[in-house]
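Asks: Structure in structure tokens, see below.
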Amino acid sequence: MTISQIIFLVVAGFTLASALMVVTTRNLIHAALFLVATLFGVAVVYAILQAGFLAVVQVVIYIGAIAILFIFAVMLTRRDMRDRGPQMNRMQWIGALLALLIFIGLSFLLSSWDGYSAVAQEMPADFDTMGRLGEALVSPDAYLLPFEVASVLLLAALVGAVYVAYTRR
Amino acid sequence: MMSFSDFTTILPLVVLTAWACVLLLVDLLIPRNRKGITALFSALGLALTLGLTIAQLGRQGSGFNDMVVLDGFSVFVNALLLVSGLLGVALAYGYVKRMGLERGEYYTLLLFSVAGMMLMAQAADLIVVFLALELLSIPLYILAAFARPKVESEEAGLKYFLLGAFSAGFVVYGIALVYGATGTTALSGIVAAIPSSSTLMLTIGAALILVGLGFKIAAVPFHMWTPDVYQGAPSAVTAFMAAGAKVAGFSALLRIFATAFPSLGSSMSDVLWALAALTMIVGNLIAISQSDIKRLLAYSSIAHAGYILMAFVPFGNPDVRAVSVAAGLFYLVSYAITNFGAWGVVIALEKAEGRGLALDDYAGLGRKYPALAAAMTIFMLSLIGLPPTLGLVGKFYLFRAVIAGGYVGLAVIGVLTSLISAYYYLRVVVIMYMREGEPTTTSEPYLNMTTAFAALVTVIVSLVPAPLFAWASSAVLKLF
């Protein structure tokens, strides 16, 4: 087992454990902080995959903006920081069984895939990830159209969010 | 480099999106009590786009490195979507005013949704399919909740949003598996990569995409949200949602499966067979026990998703693919037009606070408002598939294509479930003509126009269906 594999296993375990805590802890602020930990774990996975730019974006946007907004929203709208409702419902064992079956199925599926055992190539040191990413996003031969559609989509979502949240007087 | 042809491939879409963005600003200048002007502007945008779409007839091409295509299929579907958008605006015009929902955002969101649907019809890359799916869905979630703070409408919006997000997850996972198997998301690339890729992974990816889009078109067993959402959403939104989302979902399914996955035909056709049969049976059986017209039409819409799915079963068979795609397109037109007409009648009878929606409220309509009752009778006959309506012609072409594909059993199920459906559709007619009652209706010029237009098209096109079917037959998918 190489060093990077050990690092990956530690990080993945940490990420999954924090993700589990997000949904099981009853304190909403703790849940938000565990969410930050989860997102940070994902950022480290990006870094291991040599996607440095995505790792930075993950930290800046997901942790720096979205998770902090969560905490603000929880603090500003809730007087009670604890969730007192039941955490499980009647379907818990069926759900667990289904999740287990899907996990086994997916593991089987992915292990039969020929890319499963392939080792990622080392990227050259002077590889310009950010430049390539930027060009891909705005080049008509690459992802210009999806990029623009995403911006229209966000505009529509923004208009809708304002409409739904705005209280008329 | 971007060339002009990239741009002209999606010119109608670009115009419509730009129009929607500008309309958002123009709406600020329109006084609050005169938002009907926004409606007229949005209709103008849709009409202009429709003109540009028709001008694309007979052209073929692809743009943005094969991310979008322009072919006979996309022009046909786009024209249908734009007509649906126009009818949706016409139904909403008086309705939102009457229900106190008149806001400029309604029309902008509707335009964004139509743009998403059009992109869906043209998408030839799974990433674009996903973005188009979101662009058509998100405005619909908000439109479903447009009557907030009315609880039913909020529930409809939330339920649609949560299940929509859930189904989008299926689509993304499916796309990821297809990418894993083929190394690309472009339909053209997938076709080229299929011989050397893992069939198991590809099949599961395609199945997950089918599940995700199955939610959108309300196929059983992914239909759970439909009755509640159709009932809770404002009726004008439901009418648009039932037609538009279904047309867009089916066009994406047809394009993805017929162009990229024909090699999966042998394994997927049985699944689709079961899905279509189940959807027809469950939708029609549950519709029998409904006493609310909105829920009845919701289950009817589920059942019709089953009929359209029939056209989709033989997608892997190149001999009958063209004729079944044409039959599917024809049926989509027939369903969309009839659907708008039926919802037009519902809107005419609906009152504030959700009254006027029970089937009993239709008692006496035949005597008091003969024209409206006659129109409703035409739509009910068309939904069953009886002459002299478009529904009959649509079902005829559909069953013929399915039998040509070798699925006689499925056609038999289709005929039997149509017989079952006659029970609850004809019950509406019986209540209208045979029972005494004092219904009151609202008469609005655009609403009446929509209902009359739908009734006329339903009857006249059924008498001379050949030109429309010829157009549908020439609307072939561009293959890679």
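Quick note on naming: the chains in the structure tokens go A, B, ... in the order shown, residues restart at 1 in each chain, and ligands are numbered from 1 in order of appearance.
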For region 87-100 of chain A, find every residue with an atom within 10 Å (counting only C-alpha atoms), except residues of its own chain fewer than 2 positions away, and show them as a list in words.
Replies: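 Those residues are Val23, Thr24, Thr25, Arg26, Asp83, Arg84, Gly85, Ile102, Phe103, Ile104, Gly105 and Leu106 of chain A.
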Asks: Mind checking which residues fall within 12 Å of Asp128 (chain A), counting only C-alpha atoms, ignoring those fewer than 4 positions away in the same chain, and posting them as a ChimeraX atom specification?
Replies: /A:50-53,123-124,132-135
Asks: Can you work out which residues from chain A touch chain B at a cut-off of 9 Å (counting only C-alpha atoms) and hand them back as an MDAnalysis selection string?
Replies: chainID A and resid 109:110 112:115 139:146 149:150 152:157 159:161 163:164
Asks: Counting only C-alpha atoms, which residue out of A:His30, A:Leu158, A:Ile63, A:Val56 sits closest to Met81 (chain A)?
Replies: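 Closest to Met81 (chain A), using only C-alpha atoms: A:His30.
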Asks: Between CA of Val36 (chain A) and CA of Ile48 (chain A), what is the distance in Å, rounded to a tenth?
Replies: 18.5 Å
Asks: Looking only at helix (DSSP H, G or I) from DSSP on the backbone, list the matching residues of region 50-142 of chain A as JSON, numbers by chain.
Replies: {"A": [52, 53, 54, 55, 56, 57, 58, 59, 60, 61, 62, 63, 64, 65, 66, 67, 68, 69, 70, 71, 72, 73, 74, 75, 76, 77, 92, 93, 94, 95, 96, 97, 98, 99, 100, 101, 102, 103, 104, 105, 106, 107, 108, 109, 110, 111, 129, 130, 131, 132, 133, 134, 135, 136, 137, 138]}
Asks: Near Gly51 (chain B), within 12 Å and counting only C-alpha atoms, which residues show up once chain neighbours fewer than 6 positions away are dropped, as a VMD selection string?
Replies: chain B and resid 11 to 13 15 to 16 44 to 45 57 75 78 to 79 82 to 83
Asks: Out of B:Ala422, B:Leu253, B:Leu213, B:Leu447, which residue has the shortest atom-to-atom distance to Gly169 (chain B) when counting only C-alpha atoms?
Replies: B:Leu213
Asks: Skipping near chain neighbours, those fewer than 6 positions away, what residues fall within 9 Å of Arg255 (chain B) using only C-alpha atoms, listed as JSON, numbers by chain?
Replies: {"B": [73, 121, 122, 123, 124, 477, 478]}
Asks: Near region 293-299 of chain B, counting only C-alpha atoms, which residues have an atom at most 9 Å away, once you skip same-chain residues fewer than 3 positions from it, shown as a PyMOL selection string?
Replies: chain B and resi 226-232+235+238+242+282-290+302-304+339+342-343+346+357-359+424-425+428
Asks: When you draw a straight line from CA of Leu163 (chain B) to CA of Leu86 (chain B), how long is it in Å?
Replies: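 A separation of 27.3 Å between them.
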Asks: Hey, what's within 10 Å of Glu122 (chain A) if we count only C-alpha atoms and toss same-chain stuff fewer than 3 positions away? As a PyMOL selection string, please?
Replies: chain A and resi 49-50+119+125
Asks: Would you pick out the contacts of Ala47 (chain A) at 12 Å or less, using only C-alpha atoms, so that residues sharing its chain but fewer than 2 positions from it are not included, and give the list as JSON, numbers by chain?
Replies: {"A": [4, 7, 8, 11, 40, 41, 42, 43, 44, 45, 49, 50, 51, 52, 53, 54, 55, 56, 57, 58, 59]}
